[in-house]
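So this one's data_23.txt, compact mmCIF, C-alpha atoms:
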```
# COMPACT_ATOMS: atom_id res chain seq x y z
CA MET A 1 0.00 0.00 0.00
CA SER A 2 1.46 3.36 -1.02
CA ASN A 3 1.76 5.86 1.82
CA ASP A 4 0.41 8.52 -0.58
CA THR A 5 -2.91 6.72 -0.99
CA ALA A 6 -3.16 5.01 2.40
CA ARG A 7 -5.47 6.14 5.15
CA HIS A 8 -3.66 8.33 7.70
CA ILE A 9 -4.59 8.37 11.39
CA THR A 10 -2.90 9.29 14.66
CA TYR A 11 -0.83 7.00 16.84
CA ALA A 12 -3.58 7.17 19.51
CA GLN A 13 -6.22 6.15 16.95
CA ALA A 14 -4.01 3.27 15.83
CA ILE A 15 -3.78 2.03 19.43
CA ASN A 16 -7.55 2.35 19.69
CA GLU A 17 -8.07 0.37 16.47
CA ALA A 18 -5.74 -2.41 17.58
CA GLN A 19 -7.78 -2.93 20.74
CA ASP A 20 -11.03 -2.69 18.77
CA VAL A 21 -9.83 -5.37 16.34
CA CYS A 22 -8.81 -7.70 19.18
CA LEU A 23 -12.00 -7.14 21.20
CA GLU A 24 -14.08 -7.98 18.15
CA LYS A 25 -12.01 -10.99 17.14
CA ASP A 26 -11.63 -12.70 20.52
CA PRO A 27 -14.27 -12.65 23.29
CA LYS A 28 -11.56 -13.47 25.84
CA VAL A 29 -9.94 -10.05 25.32
CA TYR A 30 -10.96 -7.29 27.72
CA LEU A 31 -9.56 -3.88 28.68
CA ILE A 32 -8.99 -2.69 32.24
CA GLY A 33 -7.37 0.37 33.73
CA LEU A 34 -7.94 3.66 35.50
CA GLY A 35 -10.00 5.86 33.14
CA VAL A 36 -10.24 3.30 30.34
CA PRO A 37 -14.04 3.84 29.86
CA ASP A 38 -13.66 7.62 30.33
CA PRO A 39 -14.89 9.79 27.40
CA ILE A 40 -11.29 11.01 26.96
CA GLY A 41 -10.12 7.40 27.18
CA VAL A 42 -6.42 7.32 28.17
CA PHE A 43 -5.22 10.04 25.77
CA GLY A 44 -7.85 8.90 23.25
CA THR A 45 -6.49 5.38 22.96
CA THR A 46 -9.61 3.71 24.42
CA LYS A 47 -12.16 6.33 23.39
CA ASP A 48 -15.72 5.01 22.71
CA LEU A 49 -14.76 1.35 23.11
CA VAL A 50 -17.00 1.03 26.19
CA ASN A 51 -19.94 2.16 24.03
CA LYS A 52 -19.25 -0.66 21.57
CA TYR A 53 -18.33 -3.51 23.92
CA GLY A 54 -19.90 -2.55 27.25
CA PRO A 55 -18.52 -2.14 30.77
CA LYS A 56 -17.83 -5.86 31.26
CA ARG A 57 -15.18 -5.80 28.53
CA VAL A 58 -13.96 -2.20 28.98
CA GLN A 59 -13.55 -1.87 32.71
CA ASP A 60 -12.58 1.01 34.96
CA MET A 61 -10.61 0.18 38.08
CA PRO A 62 -9.92 1.84 41.43
CA ILE A 63 -6.58 3.36 42.35
CA ALA A 64 -5.30 -0.01 43.52
CA GLU A 65 -2.72 -0.89 40.89
CA ASN A 66 -1.14 -3.84 42.67
CA ALA A 67 -4.44 -5.52 43.48
CA MET A 68 -6.01 -4.90 40.07
CA THR A 69 -2.91 -6.07 38.20
CA GLY A 70 -3.09 -9.24 40.29
CA ILE A 71 -6.75 -9.69 39.35
CA ALA A 72 -5.93 -9.24 35.67
CA LEU A 73 -3.07 -11.71 36.05
CA GLY A 74 -5.40 -14.24 37.66
CA SER A 75 -7.88 -13.87 34.82
CA ALA A 76 -5.06 -14.50 32.32
CA ILE A 77 -4.15 -17.72 34.14
CA ALA A 78 -7.83 -18.67 33.87
CA GLY A 79 -7.81 -18.15 30.10
CA MET A 80 -8.74 -14.51 29.54
CA ARG A 81 -6.57 -12.01 27.60
CA PRO A 82 -6.52 -8.79 29.67
CA VAL A 83 -5.12 -5.53 28.30
CA MET A 84 -4.24 -3.45 31.34
CA SER A 85 -3.50 0.26 30.95
CA HIS A 86 -1.39 2.33 33.34
CA MET A 87 -1.56 6.00 32.36
CA ARG A 88 1.98 6.51 33.64
CA VAL A 89 4.76 3.98 34.00
CA GLU A 90 5.03 5.25 37.57
CA PHE A 91 1.48 4.04 38.28
CA ALA A 92 2.64 0.50 37.53
CA MET A 93 5.35 0.68 40.18
CA PRO A 94 3.06 -0.56 42.99
CA ALA A 95 2.37 -3.62 40.81
CA MET A 96 5.99 -4.61 40.17
CA ASP A 97 5.61 -7.79 42.20
CA GLN A 98 2.65 -8.88 40.07
CA ILE A 99 4.44 -7.98 36.82
CA CYS A 100 8.05 -9.01 37.43
CA ASN A 101 7.79 -11.64 40.15
CA GLN A 102 4.57 -13.38 39.10
CA ALA A 103 3.48 -12.76 35.48
CA ALA A 104 7.01 -12.92 34.06
CA LYS A 105 7.85 -16.19 35.82
CA TRP A 106 4.59 -18.15 35.73
CA HIS A 107 5.04 -19.85 32.35
CA TYR A 108 8.53 -21.02 33.36
CA MET A 109 7.75 -22.05 36.94
CA PHE A 110 5.14 -24.52 35.69
CA GLY A 111 7.20 -26.02 32.92
CA GLY A 112 5.35 -24.20 30.16
CA GLN A 113 2.02 -25.79 31.12
CA SER A 114 0.49 -22.44 32.09
CA ARG A 115 0.30 -19.28 29.98
CA ILE A 116 -0.09 -15.60 30.88
CA PRO A 117 -1.60 -13.90 27.79
CA MET A 118 -1.53 -10.45 29.38
CA THR A 119 -0.63 -7.10 27.80
CA ILE A 120 0.35 -4.24 30.11
CA ARG A 121 0.24 -0.81 28.48
CA MET A 122 2.32 1.94 30.06
CA ILE A 123 2.78 5.56 29.03
CA VAL A 124 6.09 7.37 29.39
CA GLY A 125 7.64 10.66 28.39
CA ARG A 126 7.85 14.29 29.23
CA GLY A 127 5.50 17.20 28.64
CA TRP A 128 3.98 20.15 30.41
CA GLY A 129 6.20 19.92 33.49
CA GLN A 130 5.07 16.45 34.51
CA GLY A 131 8.07 16.20 36.81
CA PRO A 132 10.05 13.44 38.45
CA GLN A 133 7.14 11.12 39.32
CA HIS A 134 5.19 11.40 36.04
CA SER A 135 7.71 11.51 33.20
CA GLN A 136 10.22 8.75 33.70
CA SER A 137 11.11 6.18 31.06
CA LEU A 138 11.82 3.02 33.00
CA HIS A 139 11.69 0.53 30.13
CA ALA A 140 15.16 -0.82 30.99
CA TRP A 141 13.74 -2.12 34.31
CA PHE A 142 11.42 -4.45 32.43
CA THR A 143 13.99 -5.56 29.86
CA HIS A 144 16.08 -6.80 32.81
CA THR A 145 13.30 -9.19 33.86
CA PRO A 146 13.46 -12.54 32.04
CA GLY A 147 10.02 -13.63 30.90
CA LEU A 148 8.77 -10.19 29.87
CA LYS A 149 8.61 -8.93 26.31
CA VAL A 150 9.01 -5.15 25.98
CA VAL A 151 7.63 -3.24 22.98
CA MET A 152 8.19 0.48 22.18
CA PRO A 153 6.74 1.44 18.77
CA SER A 154 7.47 4.80 17.12
CA THR A 155 4.88 4.99 14.29
CA PRO A 156 1.09 4.59 14.09
CA TYR A 157 1.55 1.64 11.70
CA ASP A 158 3.85 -0.18 14.11
CA ALA A 159 1.74 0.76 17.13
CA LYS A 160 -1.32 -1.01 15.70
CA GLY A 161 0.48 -4.06 14.33
CA LEU A 162 2.68 -4.57 17.37
CA LEU A 163 -0.18 -4.10 19.86
CA ILE A 164 -2.26 -6.73 18.05
CA ALA A 165 0.75 -9.08 18.15
CA SER A 166 1.20 -8.30 21.86
CA ILE A 167 -2.43 -9.06 22.72
CA GLU A 168 -2.23 -12.30 20.74
CA ASP A 169 1.01 -13.35 22.45
CA ASP A 170 0.60 -16.19 24.95
CA ASN A 171 2.79 -14.61 27.62
CA PRO A 172 3.16 -11.14 29.23
CA VAL A 173 4.07 -8.15 27.08
CA VAL A 174 4.89 -4.67 28.40
CA PHE A 175 3.74 -2.23 25.71
CA ILE A 176 5.22 1.26 26.23
CA GLU A 177 3.89 4.41 24.53
CA HIS A 178 5.58 7.84 24.60
CA ARG A 179 2.92 10.50 25.08
CA TRP A 180 4.54 12.79 22.52
CA LEU A 181 3.71 10.17 19.88
CA HIS A 182 -0.04 10.05 20.45
CA ASN A 183 -0.69 12.95 18.03
CA VAL A 184 1.74 11.73 15.36
CA VAL A 185 -0.07 10.91 12.08
CA GLY A 186 0.89 8.08 9.75
CA ALA A 187 -0.39 5.54 7.22
CA VAL A 188 -2.31 2.70 8.88
CA PRO A 189 -4.28 -0.03 7.07
CA GLU A 190 -7.83 -0.73 8.20
CA GLY A 191 -8.68 -4.07 9.78
CA TYR A 192 -6.41 -6.79 11.05
CA TYR A 193 -2.66 -7.06 10.62
CA SER A 194 0.16 -7.83 13.03
CA ILE A 195 3.90 -7.24 13.17
CA PRO A 196 6.13 -9.95 14.67
CA LEU A 197 7.74 -9.03 17.99
CA GLY A 198 11.52 -8.84 18.02
CA LYS A 199 12.22 -7.46 14.55
CA PRO A 200 13.85 -4.01 14.22
CA ASN A 201 13.00 -1.79 11.27
CA VAL A 202 15.59 -0.07 9.09
CA VAL A 203 13.88 3.31 8.72
CA SER A 204 16.40 4.75 6.27
CA LYS A 205 19.55 3.55 4.60
CA GLY A 206 22.87 5.34 5.05
CA ASP A 207 26.59 4.76 4.69
CA ASP A 208 28.38 7.01 7.21
CA VAL A 209 26.88 6.48 10.68
CA THR A 210 24.32 4.16 12.31
CA LEU A 211 21.66 5.74 14.54
CA VAL A 212 19.81 3.26 16.78
CA ALA A 213 16.69 4.38 18.66
CA SER A 214 13.21 3.43 19.81
CA SER A 215 9.90 5.18 20.47
CA TYR A 216 9.97 9.00 20.22
CA ASN A 217 13.74 9.06 19.75
CA VAL A 218 13.23 7.64 16.25
CA ILE A 219 11.44 10.89 15.33
CA GLU A 220 14.41 12.85 16.69
CA CYS A 221 16.82 10.69 14.66
CA ILE A 222 14.86 11.35 11.46
CA LYS A 223 15.19 15.10 12.09
CA ALA A 224 18.90 14.66 12.81
CA ARG A 225 19.36 12.70 9.60
CA GLU A 226 17.98 15.63 7.60
CA ALA A 227 20.43 18.01 9.30
CA LEU A 228 23.33 15.64 8.64
CA GLN A 229 22.41 15.37 4.95
CA ALA A 230 23.08 19.10 4.65
CA GLN A 231 26.67 18.30 5.63
CA ASN A 232 26.89 15.36 3.21
CA ILE A 233 26.76 12.78 6.00
CA SER A 234 24.49 9.81 5.37
CA ALA A 235 22.88 8.28 8.47
CA GLU A 236 21.25 4.86 8.66
CA ILE A 237 18.40 4.77 11.20
CA ILE A 238 17.34 1.55 12.93
CA ASP A 239 14.10 1.56 14.93
CA LEU A 240 14.32 -1.18 17.56
CA ARG A 241 10.49 -1.47 17.87
CA THR A 242 10.90 -4.34 20.38
CA LEU A 243 13.57 -4.20 23.11
CA THR A 244 13.07 -7.81 24.23
CA PRO A 245 13.25 -10.03 22.32
CA LEU A 246 15.68 -8.25 20.03
CA ASP A 247 17.19 -9.43 16.76
CA ASP A 248 20.44 -7.44 16.71
CA ALA A 249 21.51 -8.65 13.25
CA PRO A 250 20.34 -5.45 11.44
CA ILE A 251 22.36 -3.34 13.91
CA LEU A 252 25.50 -5.41 13.45
CA GLU A 253 25.12 -5.35 9.66
CA SER A 254 24.70 -1.58 9.70
CA VAL A 255 27.77 -1.02 11.91
CA LYS A 256 29.75 -3.31 9.64
CA LYS A 257 28.85 -0.94 6.79
CA THR A 258 29.18 2.47 8.49
CA GLY A 259 31.77 1.77 11.19
CA HIS A 260 30.19 4.36 13.47
CA LEU A 261 27.39 4.06 16.05
CA VAL A 262 25.19 6.50 17.98
CA VAL A 263 22.53 5.02 20.29
CA CYS A 264 19.66 7.27 21.39
CA ASP A 265 17.67 6.19 24.44
CA GLN A 266 15.11 8.14 26.48
CA GLY A 267 16.14 6.52 29.76
CA SER A 268 19.02 7.52 32.01
CA MET A 269 22.55 6.50 31.11
CA THR A 270 23.79 4.11 33.79
CA THR A 271 22.71 0.52 33.00
CA GLY A 272 20.21 1.90 30.50
CA PHE A 273 19.16 0.14 27.29
CA ALA A 274 21.66 2.14 25.22
CA ALA A 275 24.38 0.33 27.14
CA GLU A 276 22.87 -3.01 26.07
CA ILE A 277 23.08 -2.04 22.39
CA MET A 278 26.66 -0.85 22.77
CA ALA A 279 27.63 -4.03 24.62
CA ARG A 280 26.23 -6.22 21.84
CA VAL A 281 28.06 -4.26 19.17
CA THR A 282 31.38 -4.29 21.02
CA GLU A 283 31.03 -8.03 21.72
CA LYS A 284 30.04 -9.03 18.19
CA ALA A 285 31.36 -6.30 15.87
CA PHE A 286 34.20 -4.58 17.71
CA GLY A 287 36.51 -4.96 14.73
CA ASP A 288 34.07 -3.08 12.51
CA LEU A 289 34.01 0.05 14.68
CA LYS A 290 36.08 2.96 13.35
CA SER A 291 35.27 5.30 16.24
CA PRO A 292 34.04 4.89 19.86
CA PRO A 293 30.24 4.45 19.98
CA ILE A 294 28.29 7.28 21.61
CA ARG A 295 25.21 7.21 23.87
CA ILE A 296 22.55 9.95 23.85
CA THR A 297 20.56 9.48 27.08
CA LEU A 298 19.13 11.36 30.02
CA PRO A 299 21.55 12.29 32.81
CA ASP A 300 21.61 10.20 35.97
CA CYS A 301 19.38 12.44 38.05
CA PRO A 302 15.58 12.72 38.54
CA THR A 303 13.63 14.47 35.81
CA PRO A 304 12.96 18.15 36.61
CA THR A 305 9.62 19.95 36.62
CA THR A 306 10.58 23.56 35.98
CA ARG A 307 11.23 24.82 32.47
CA ALA A 308 14.54 26.39 33.41
CA LEU A 309 15.90 23.02 34.47
CA SER A 310 14.19 20.77 31.95
CA ASN A 311 15.59 22.82 29.06
CA TYR A 312 19.05 21.64 30.15
CA TYR A 313 18.06 18.10 31.04
CA TYR A 314 16.62 16.58 27.86
CA PRO A 315 18.91 15.97 24.86
CA THR A 316 17.81 17.61 21.63
CA VAL A 317 18.13 16.81 17.95
CA ASN A 318 21.33 18.85 18.00
CA HIS A 319 22.82 16.41 20.49
CA ILE A 320 22.27 13.58 18.01
CA VAL A 321 23.70 15.64 15.15
CA ASN A 322 26.76 16.61 17.18
CA ALA A 323 27.35 13.01 18.24
CA ALA A 324 27.15 11.84 14.61
CA LEU A 325 29.58 14.58 13.61
CA ARG A 326 32.02 13.52 16.32
CA THR A 327 32.07 9.99 14.91
CA GLN A 328 33.25 11.59 11.66
CA GLY A 329 36.01 13.54 13.43
CA ILE A 330 34.08 16.83 13.30
CA GLU A 331 33.91 18.64 16.63
CA SER A 332 31.15 21.13 17.44
CA GLY A 333 30.00 23.03 20.49
CA ASP A 334 27.74 21.95 23.34
CA PRO A 335 24.11 21.98 22.03
CA PHE A 336 22.89 23.26 25.39
CA ASP A 337 24.88 26.47 24.80
CA THR A 338 22.24 27.61 22.28
CA ILE A 339 19.32 27.09 24.73
CA THR A 340 18.00 29.74 27.12
CA PRO A 341 16.01 29.10 30.33
CA ASP A 342 12.91 30.89 29.02
CA GLN A 343 12.49 28.80 25.85
CA PHE A 344 9.39 26.57 25.83
CA LEU A 345 10.80 23.19 24.84
CA ASP A 346 8.36 21.03 26.79
CA ILE A 347 6.14 20.24 23.80
CA PRO A 348 7.07 18.32 20.65
CA ASP A 349 5.28 20.76 18.32
CA PRO A 350 2.36 23.26 18.38
CA SER A 351 -0.17 20.45 17.78
CA PHE A 352 0.59 18.87 21.17
CA LYS A 353 -2.57 19.07 23.30
CA GLY A 354 -1.04 18.20 26.64
CA PRO A 355 -1.24 15.19 28.88
CA PHE A 356 -5.00 15.29 29.40
```
Rewrite the structure of this file - the entire thing - as structure tokens.
Amino acid sequence: MSNDTARHITYAQAINEAQDVCLEKDPKVYLIGLGVPDPIGVFGTTKDLVNKYGPKRVQDMPIAENAMTGIALGSAIAGMRPVMSHMRVEFAMPAMDQICNQAAKWHYMFGGQSRIPMTIRMIVGRGWGQGPQHSQSLHAWFTHTPGLKVVMPSTPYDAKGLLIASIEDDNPVVFIEHRWLHNVVGAVPEGYYSIPLGKPNVVSKGDDVTLVASSYNVIECIKAREALQAQNISAEIIDLRTLTPLDDAPILESVKKTGHLVVCDQGSMTTGFAAEIMARVTEKAFGDLKSPPIRITLPDCPTPTTRALSNYYYPTVNHIVNAALRTQGIESGDPFDTITPDQFLDIPDPSFKGPF
């Protein structure tokens, strides 16, 4: 299907459609989460589904994340396919025992005789001064837990196809959405399709430097690639799409071609997922590297609330461009030097409607 003639919808609408498709296809699928039946519907991602499927299949829940995640887990053991939504990754923290100590292990503890077909949606990202308890990106926590699959799509097309694959998976999947992506528009086919978990996507071909990213950082890499083209530097962009499982072959092949690597991750640096990518490349393709790989991450301190601090906390497109230039032996100044405390950088673009 050509992108020129395809139907275009937002990332939030694609998430909504994926759940609609699965609810219609399988009566064992149900949605649960704080505000899921609300008219706004978790940033629009569950909007109107309660009107179509009723409150038994699109369920609100109290502010009791640990208990309700346990109930959803129990229903999965009994054969249902719950899709649980946490409107912030931080809201899932009280349920870590249910997610990491129970759901992730169950299939293995019982010799594969029991399945946990449970999808846990979480929303991450910055915006409108959400601050240290509402804007973290803790995806690396979940990738460190054997038994969990972790998905972080960047486009509406991938969001729909990967969410359908997640709901149809027979064991727990953590599906993470960056809130700055919910208004992004892209080509999305109608009806059913799925995208296999674990397969990265080569967004664009290039010969000079490999940019590896996931979720919203892919958008930043695409902007950086355009800036690099103006300096005759060709960047290859790889969208991880799924952090675990991960087929790293496309990354290794790209580094073999370019010899240079920049990894962009929206988590903090120490033991973050960018370190995992760099470890794999240095273990398996060290001889192909022509320059030290570079990480673009958040600093190792809590996310700030105030504009004056957040402007100097989050890396920008210029950080990616400068890192790519450094791999080519081209030094440039600190990107933060061009930022002032009064700039309003806490929205992705003027179309951003905020967190609610």
Applying 10 Å and all atoms listed in the file, which residues near Asp26 of chain A remain after dropping the ones on its own chain fewer than 3 positions away? List them as number ranges by chain. A: 21-23, 29-30, 80-81, 168
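Using only C-alpha atoms, the contacts of Arg225 of chain A at a cut-off of 8 Å, with sequence neighbours closer than 5 positions omitted, comprise Ser234, Ala235 and Val321 of chain A.
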Skip Asn171 of chain A itself and residues of its chain fewer than 5 positions away, then list as number ranges by chain all residues within 7 Å of it, counting all atoms listed in the file. A: 115-118
Could you dump the residues just selected with C-alpha atoms as a compact mmCIF listing (two decimals), in the coordinates of the input?
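Below you can see result.txt, which holds the result:
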```txt
# COMPACT_ATOMS: atom_id res chain seq x y z
CA ARG A 115 0.30 -19.28 29.98
CA ILE A 116 -0.09 -15.60 30.88
CA PRO A 117 -1.60 -13.90 27.79
CA MET A 118 -1.53 -10.45 29.38
```
Identify, on the basis of all atoms listed in the file, every residue whose closest approach to segment 334-344 of chain A does not exceed 6 Å; exclude the query and any residue fewer than 3 positions from it along the same chain; express the result as a PyMOL selection string. chain A and resi 308+318-319
Do you know which residues are at most 8 Å from segment 239-249 of chain A counting all atoms listed in the file, after dropping those on the same chain fewer than 6 positions away, and could you put them as a CSV table (one decimal) with C-alpha atoms, keeping the file's coordinate frame?
```
chain,number,residue,atom,x,y,z
A,143,THR,CA,14.0,-5.6,29.9
A,148,LEU,CA,8.8,-10.2,29.9
A,149,LYS,CA,8.6,-8.9,26.3
A,150,VAL,CA,9.0,-5.2,26.0
A,151,VAL,CA,7.6,-3.2,23.0
A,152,MET,CA,8.2,0.5,22.2
A,153,PRO,CA,6.7,1.4,18.8
A,154,SER,CA,7.5,4.8,17.1
A,158,ASP,CA,3.8,-0.2,14.1
A,197,LEU,CA,7.7,-9.0,18.0
A,198,GLY,CA,11.5,-8.8,18.0
A,199,LYS,CA,12.2,-7.5,14.6
A,200,PRO,CA,13.8,-4.0,14.2
A,201,ASN,CA,13.0,-1.8,11.3
A,202,VAL,CA,15.6,-0.1,9.1
A,203,VAL,CA,13.9,3.3,8.7
A,212,VAL,CA,19.8,3.3,16.8
A,213,ALA,CA,16.7,4.4,18.7
A,214,SER,CA,13.2,3.4,19.8
A,215,SER,CA,9.9,5.2,20.5
A,218,VAL,CA,13.2,7.6,16.2
A,280,ARG,CA,26.2,-6.2,21.8
```
Would you mind telling me which residue in A:Pro156, A:Thr145, A:Ile222, A:Glu90 lies nearest to Gln133 of chain A when using all atoms listed in the file? A:Glu90
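Take the candidates A:Gly287, A:Pro37, A:Pro348, A:Pro62 and check each one against Val50 of chain A using all atoms listed in the file; the shortest distance goes to A:Pro37.
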